[in-house]
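K.L.:
Dropping in model.pdb, which is PDB, N, CA and C atoms, pLDDT in the B column:
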ATOM      1  N   MET F  26      -4.942  22.106  16.688  1.00 42.00           N
ATOM      2  CA  MET F  26      -3.710  21.412  17.005  1.00 42.00           C
ATOM      3  C   MET F  26      -4.042  20.010  17.535  1.00 42.00           C
ATOM      4  N   ALA F  27      -3.315  19.038  17.074  1.00 55.00           N
ATOM      5  CA  ALA F  27      -3.571  17.661  17.491  1.00 55.00           C
ATOM      6  C   ALA F  27      -3.116  17.441  18.931  1.00 55.00           C
ATOM      7  N   GLN F  28      -3.889  16.659  19.640  1.00 62.00           N
ATOM      8  CA  GLN F  28      -3.553  16.352  21.024  1.00 62.00           C
ATOM      9  C   GLN F  28      -2.568  15.192  21.058  1.00 62.00           C
ATOM     10  N   ARG F  29      -1.543  15.307  21.905  1.00 64.00           N
ATOM     11  CA  ARG F  29      -0.550  14.240  22.029  1.00 64.00           C
ATOM     12  C   ARG F  29      -1.140  13.092  22.837  1.00 64.00           C
ATOM     13  N   PRO F  30      -0.782  11.842  22.476  1.00 66.00           N
ATOM     14  CA  PRO F  30      -1.327  10.696  23.217  1.00 66.00           C
ATOM     15  C   PRO F  30      -0.776  10.650  24.639  1.00 66.00           C
ATOM     16  N   GLY F  31      -1.557  10.061  25.534  1.00 77.00           N
ATOM     17  CA  GLY F  31      -1.104   9.884  26.904  1.00 77.00           C
ATOM     18  C   GLY F  31      -0.037   8.806  26.970  1.00 77.00           C
ATOM     19  N   LEU F  32       0.545   8.628  28.132  1.00 77.00           N
ATOM     20  CA  LEU F  32       1.646   7.689  28.315  1.00 77.00           C
ATOM     21  C   LEU F  32       1.249   6.259  27.947  1.00 77.00           C
ATOM     22  N   LEU F  33       0.107   5.804  28.427  1.00 83.00           N
ATOM     23  CA  LEU F  33      -0.351   4.447  28.145  1.00 83.00           C
ATOM     24  C   LEU F  33      -0.654   4.269  26.658  1.00 83.00           C
ATOM     25  N   GLU F  34      -1.350   5.240  26.083  1.00 88.00           N
ATOM     26  CA  GLU F  34      -1.684   5.177  24.663  1.00 88.00           C
ATOM     27  C   GLU F  34      -0.406   5.217  23.809  1.00 88.00           C
ATOM     28  N   SER F  35       0.530   6.038  24.201  1.00 87.00           N
ATOM     29  CA  SER F  35       1.802   6.131  23.484  1.00 87.00           C
ATOM     30  C   SER F  35       2.552   4.804  23.529  1.00 87.00           C
ATOM     31  N   GLY F  36       2.554   4.164  24.680  1.00 89.00           N
ATOM     32  CA  GLY F  36       3.196   2.858  24.821  1.00 89.00           C
ATOM     33  C   GLY F  36       2.558   1.816  23.920  1.00 89.00           C
ATOM     34  N   ARG F  37       1.232   1.868  23.833  1.00 94.00           N
ATOM     35  CA  ARG F  37       0.516   0.930  22.956  1.00 94.00           C
ATOM     36  C   ARG F  37       0.865   1.181  21.491  1.00 94.00           C
ATOM     37  N   LEU F  38       0.939   2.451  21.108  1.00 94.00           N
ATOM     38  CA  LEU F  38       1.296   2.786  19.729  1.00 94.00           C
ATOM     39  C   LEU F  38       2.711   2.314  19.401  1.00 94.00           C
ATOM     40  N   ILE F  39       3.620   2.495  20.326  1.00 94.00           N
ATOM     41  CA  ILE F  39       5.005   2.039  20.124  1.00 94.00           C
ATOM     42  C   ILE F  39       5.035   0.526  19.957  1.00 94.00           C
ATOM     43  N   ASP F  40       4.276  -0.187  20.793  1.00 96.00           N
ATOM     44  CA  ASP F  40       4.209  -1.650  20.673  1.00 96.00           C
ATOM     45  C   ASP F  40       3.628  -2.073  19.328  1.00 96.00           C
ATOM     46  N   GLN F  41       2.586  -1.385  18.882  1.00 97.00           N
ATOM     47  CA  GLN F  41       1.969  -1.710  17.598  1.00 97.00           C
ATOM     48  C   GLN F  41       2.947  -1.450  16.446  1.00 97.00           C
ATOM     49  N   LEU F  42       3.692  -0.355  16.528  1.00 97.00           N
ATOM     50  CA  LEU F  42       4.673  -0.058  15.485  1.00 97.00           C
ATOM     51  C   LEU F  42       5.791  -1.093  15.466  1.00 97.00           C
ATOM     52  N   THR F  43       6.191  -1.554  16.645  1.00 97.00           N
ATOM     53  CA  THR F  43       7.214  -2.596  16.722  1.00 97.00           C
ATOM     54  C   THR F  43       6.709  -3.877  16.059  1.00 97.00           C
ATOM     55  N   ASP F  44       5.459  -4.249  16.349  1.00 97.00           N
ATOM     56  CA  ASP F  44       4.865  -5.429  15.725  1.00 97.00           C
ATOM     57  C   ASP F  44       4.755  -5.260  14.208  1.00 97.00           C
ATOM     58  N   LEU F  45       4.366  -4.066  13.774  1.00 97.00           N
ATOM     59  CA  LEU F  45       4.241  -3.785  12.351  1.00 97.00           C
ATOM     60  C   LEU F  45       5.602  -3.884  11.659  1.00 97.00           C
ATOM     61  N   GLU F  46       6.645  -3.374  12.304  1.00 97.00           N
ATOM     62  CA  GLU F  46       7.988  -3.471  11.743  1.00 97.00           C
ATOM     63  C   GLU F  46       8.419  -4.936  11.616  1.00 97.00           C
ATOM     64  N   THR F  47       8.188  -5.718  12.653  1.00 97.00           N
ATOM     65  CA  THR F  47       8.553  -7.138  12.633  1.00 97.00           C
ATOM     66  C   THR F  47       7.820  -7.868  11.506  1.00 97.00           C
ATOM     67  N   GLU F  48       6.532  -7.596  11.379  1.00 97.00           N
ATOM     68  CA  GLU F  48       5.742  -8.221  10.319  1.00 97.00           C
ATOM     69  C   GLU F  48       6.234  -7.768   8.938  1.00 97.00           C
ATOM     70  N   GLY F  49       6.550  -6.493   8.819  1.00 97.00           N
ATOM     71  CA  GLY F  49       7.046  -5.971   7.548  1.00 97.00           C
ATOM     72  C   GLY F  49       8.367  -6.588   7.146  1.00 97.00           C
ATOM     73  N   LEU F  50       9.247  -6.761   8.117  1.00 97.00           N
ATOM     74  CA  LEU F  50      10.530  -7.401   7.828  1.00 97.00           C
ATOM     75  C   LEU F  50      10.326  -8.843   7.375  1.00 97.00           C
ATOM     76  N   ALA F  51       9.398  -9.538   8.012  1.00 97.00           N
ATOM     77  CA  ALA F  51       9.120 -10.930   7.646  1.00 97.00           C
ATOM     78  C   ALA F  51       8.524 -11.034   6.238  1.00 97.00           C
ATOM     79  N   ARG F  52       7.797  -9.997   5.825  1.00 97.00           N
ATOM     80  CA  ARG F  52       7.148 -10.018   4.507  1.00 97.00           C
ATOM     81  C   ARG F  52       7.969  -9.278   3.443  1.00 97.00           C
ATOM     82  N   ASN F  53       9.164  -8.845   3.799  1.00 96.00           N
ATOM     83  CA  ASN F  53      10.045  -8.144   2.859  1.00 96.00           C
ATOM     84  C   ASN F  53       9.426  -6.880   2.267  1.00 96.00           C
ATOM     85  N   ILE F  54       8.795  -6.050   3.111  1.00 96.00           N
ATOM     86  CA  ILE F  54       8.289  -4.783   2.589  1.00 96.00           C
ATOM     87  C   ILE F  54       9.477  -3.856   2.333  1.00 96.00           C
ATOM     88  N   SER F  55       9.238  -2.764   1.638  1.00 97.00           N
ATOM     89  CA  SER F  55      10.329  -1.877   1.232  1.00 97.00           C
ATOM     90  C   SER F  55      11.026  -1.258   2.451  1.00 97.00           C
ATOM     91  N   TRP F  56      12.306  -0.969   2.272  1.00 96.00           N
ATOM     92  CA  TRP F  56      13.067  -0.348   3.351  1.00 96.00           C
ATOM     93  C   TRP F  56      12.544   1.041   3.680  1.00 96.00           C
ATOM     94  N   ARG F  57      11.978   1.714   2.694  1.00 97.00           N
ATOM     95  CA  ARG F  57      11.398   3.038   2.944  1.00 97.00           C
ATOM     96  C   ARG F  57      10.261   2.922   3.959  1.00 97.00           C
ATOM     97  N   SER F  58       9.442   1.889   3.810  1.00 97.00           N
ATOM     98  CA  SER F  58       8.339   1.672   4.751  1.00 97.00           C
ATOM     99  C   SER F  58       8.870   1.330   6.146  1.00 97.00           C
ATOM    100  N   ILE F  59       9.890   0.482   6.197  1.00 97.00           N
ATOM    101  CA  ILE F  59      10.492   0.116   7.494  1.00 97.00           C
ATOM    102  C   ILE F  59      11.058   1.356   8.172  1.00 97.00           C
ATOM    103  N   GLU F  60      11.768   2.189   7.413  1.00 98.00           N
ATOM    104  CA  GLU F  60      12.354   3.397   7.985  1.00 98.00           C
ATOM    105  C   GLU F  60      11.282   4.381   8.454  1.00 98.00           C
ATOM    106  N   THR F  61      10.168   4.432   7.751  1.00 97.00           N
ATOM    107  CA  THR F  61       9.055   5.300   8.176  1.00 97.00           C
ATOM    108  C   THR F  61       8.478   4.815   9.500  1.00 97.00           C
ATOM    109  N   ILE F  62       8.305   3.515   9.632  1.00 97.00           N
ATOM    110  CA  ILE F  62       7.812   2.940  10.886  1.00 97.00           C
ATOM    111  C   ILE F  62       8.780   3.265  12.022  1.00 97.00           C
ATOM    112  N   ARG F  63      10.076   3.066  11.784  1.00 97.00           N
ATOM    113  CA  ARG F  63      11.086   3.336  12.811  1.00 97.00           C
ATOM    114  C   ARG F  63      11.125   4.808  13.190  1.00 97.00           C
ATOM    115  N   ALA F  64      11.027   5.700  12.202  1.00 97.00           N
ATOM    116  CA  ALA F  64      11.051   7.135  12.482  1.00 97.00           C
ATOM    117  C   ALA F  64       9.842   7.556  13.312  1.00 97.00           C
ATOM    118  N   THR F  65       8.692   6.989  12.992  1.00 96.00           N
ATOM    119  CA  THR F  65       7.474   7.317  13.744  1.00 96.00           C
ATOM    120  C   THR F  65       7.584   6.837  15.183  1.00 96.00           C
ATOM    121  N   ARG F  66       8.101   5.618  15.357  1.00 95.00           N
ATOM    122  CA  ARG F  66       8.277   5.074  16.710  1.00 95.00           C
ATOM    123  C   ARG F  66       9.266   5.919  17.505  1.00 95.00           C
ATOM    124  N   LEU F  67      10.363   6.320  16.881  1.00 95.00           N
ATOM    125  CA  LEU F  67      11.357   7.155  17.556  1.00 95.00           C
ATOM    126  C   LEU F  67      10.761   8.503  17.953  1.00 95.00           C
ATOM    127  N   LYS F  68       9.960   9.082  17.072  1.00 93.00           N
ATOM    128  CA  LYS F  68       9.312  10.360  17.376  1.00 93.00           C
ATOM    129  C   LYS F  68       8.413  10.235  18.609  1.00 93.00           C
ATOM    130  N   LEU F  69       7.650   9.150  18.676  1.00 91.00           N
ATOM    131  CA  LEU F  69       6.786   8.935  19.848  1.00 91.00           C
ATOM    132  C   LEU F  69       7.612   8.796  21.127  1.00 91.00           C
ATOM    133  N   ARG F  70       8.727   8.088  21.041  1.00 91.00           N
ATOM    134  CA  ARG F  70       9.581   7.916  22.228  1.00 91.00           C
ATOM    135  C   ARG F  70      10.157   9.247  22.685  1.00 91.00           C
ATOM    136  N   VAL F  71      10.636  10.037  21.739  1.00 89.00           N
ATOM    137  CA  VAL F  71      11.235  11.331  22.081  1.00 89.00           C
ATOM    138  C   VAL F  71      10.178  12.263  22.668  1.00 89.00           C
ATOM    139  N   GLU F  72       9.000  12.301  22.052  1.00 85.00           N
ATOM    140  CA  GLU F  72       7.921  13.139  22.583  1.00 85.00           C
ATOM    141  C   GLU F  72       7.552  12.737  24.000  1.00 85.00           C
ATOM    142  N   GLY F  73       7.665  11.438  24.311  1.00 82.00           N
ATOM    143  CA  GLY F  73       7.358  10.969  25.659  1.00 82.00           C
ATOM    144  C   GLY F  73       8.362  11.443  26.697  1.00 82.00           C
ATOM    145  N   LEU F  74       9.563  11.785  26.243  1.00 81.00           N
ATOM    146  CA  LEU F  74      10.590  12.268  27.166  1.00 81.00           C
ATOM    147  C   LEU F  74      10.515  13.769  27.409  1.00 81.00           C
ATOM    148  N   MET F  75       9.825  14.462  26.520  1.00 77.00           N
ATOM    149  CA  MET F  75       9.748  15.923  26.629  1.00 77.00           C
ATOM    150  C   MET F  75       8.709  16.327  27.670  1.00 77.00           C
ATOM    151  N   PRO F  76       8.990  17.397  28.406  1.00 68.00           N
ATOM    152  CA  PRO F  76       8.002  17.866  29.395  1.00 68.00           C
ATOM    153  C   PRO F  76       6.736  18.343  28.700  1.00 68.00           C
ATOM    154  N   THR F  77       5.609  18.157  29.373  1.00 66.00           N
ATOM    155  CA  THR F  77       4.332  18.543  28.774  1.00 66.00           C
ATOM    156  C   THR F  77       4.021  20.028  28.949  1.00 66.00           C
ATOM    157  N   SER F  78       4.695  20.684  29.872  1.00 65.00           N
ATOM    158  CA  SER F  78       4.469  22.116  30.059  1.00 65.00           C
ATOM    159  C   SER F  78       5.818  22.819  30.237  1.00 65.00           C
ATOM    160  N   SER F  79       5.788  24.094  30.026  1.00 61.00           N
ATOM    161  CA  SER F  79       7.007  24.871  30.147  1.00 61.00           C
ATOM    162  C   SER F  79       7.416  24.990  31.612  1.00 61.00           C
ATOM    163  N   LEU F  80       8.688  24.965  31.847  1.00 58.00           N
ATOM    164  CA  LEU F  80       9.191  25.167  33.192  1.00 58.00           C
ATOM    165  C   LEU F  80       9.237  26.666  33.488  1.00 58.00           C
ATOM    166  N   PRO F  81       8.879  27.058  34.702  1.00 63.00           N
ATOM    167  CA  PRO F  81       8.918  28.494  35.024  1.00 63.00           C
ATOM    168  C   PRO F  81      10.369  28.997  35.026  1.00 63.00           C
ATOM    169  N   LEU F  82      10.523  30.213  34.552  1.00 62.00           N
ATOM    170  CA  LEU F  82      11.849  30.822  34.541  1.00 62.00           C
ATOM    171  C   LEU F  82      12.209  31.323  35.928  1.00 62.00           C
ATOM    172  N   ALA F  83      13.486  31.231  36.290  1.00 60.00           N
ATOM    173  CA  ALA F  83      13.947  31.723  37.588  1.00 60.00           C
ATOM    174  C   ALA F  83      13.849  33.244  37.614  1.00 60.00           C
ATOM    175  N   PRO F  84      13.480  33.805  38.765  1.00 62.00           N
ATOM    176  CA  PRO F  84      13.354  35.276  38.847  1.00 62.00           C
ATOM    177  C   PRO F  84      14.676  35.988  38.720  1.00 62.00           C
TER     178      PRO F  84
END
Can you present the structure in this file as structure tokens?

P.N.:
Amino acid sequence: MAQRPGLLESGRLIDQLTDLETEGLARNISWRSIETIRATRLKLRVEGLMPTSSLPLAP
């Protein structure tokens, strides 16, 4: 199973994807590629909001 990136690494990846999207828009790359970049960035953001471990159930 792949290990999820840490908070700092995740932030860097999000920044890199944002830069890649901006560059792609400037170079008129396909919308499919832009949407893939956006979906990947959104996935990283959502994963960052999710708890890393299960919460204990109430007795």

K.L.:
Report, in Å to a single decimal, how far apart atom C of Gly31 of chain F and atom N of Arg63 of chain F are.

P.N.:
19.1 Å

K.L.:
Using all atoms of segment 34-48 of chain F listed in the file and a margin of 4 Å per side, can you give the axis-aligned box centre and edge lengths in Å to one decimal, as JSON?

P.N.:
{"center_x": 3.4, "center_y": -1.0, "center_z": 17.5, "size_x": 18.2, "size_y": 22.4, "size_z": 25.1}

K.L.:
In Å to one decimal, how far is atom CA of Glu34 of chain F from atom CA of Met75 of chain F?

P.N.:
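Between these atoms lies a distance of 15.8 Å.
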
K.L.:
For atom N of Gly73 of chain F and atom C of Ser55 of chain F, determine how far apart the two atoms are, in Å to one decimal place.

P.N.:
25.5 Å

K.L.:
Using all atoms listed in the file, which residues sit within 8 Å of segment 40-44 of chain F once same-chain residues fewer than 5 positions away are excluded, as a ChimeraX atom specification?

P.N.:
/F:34-35,49-50,62-63,65-66
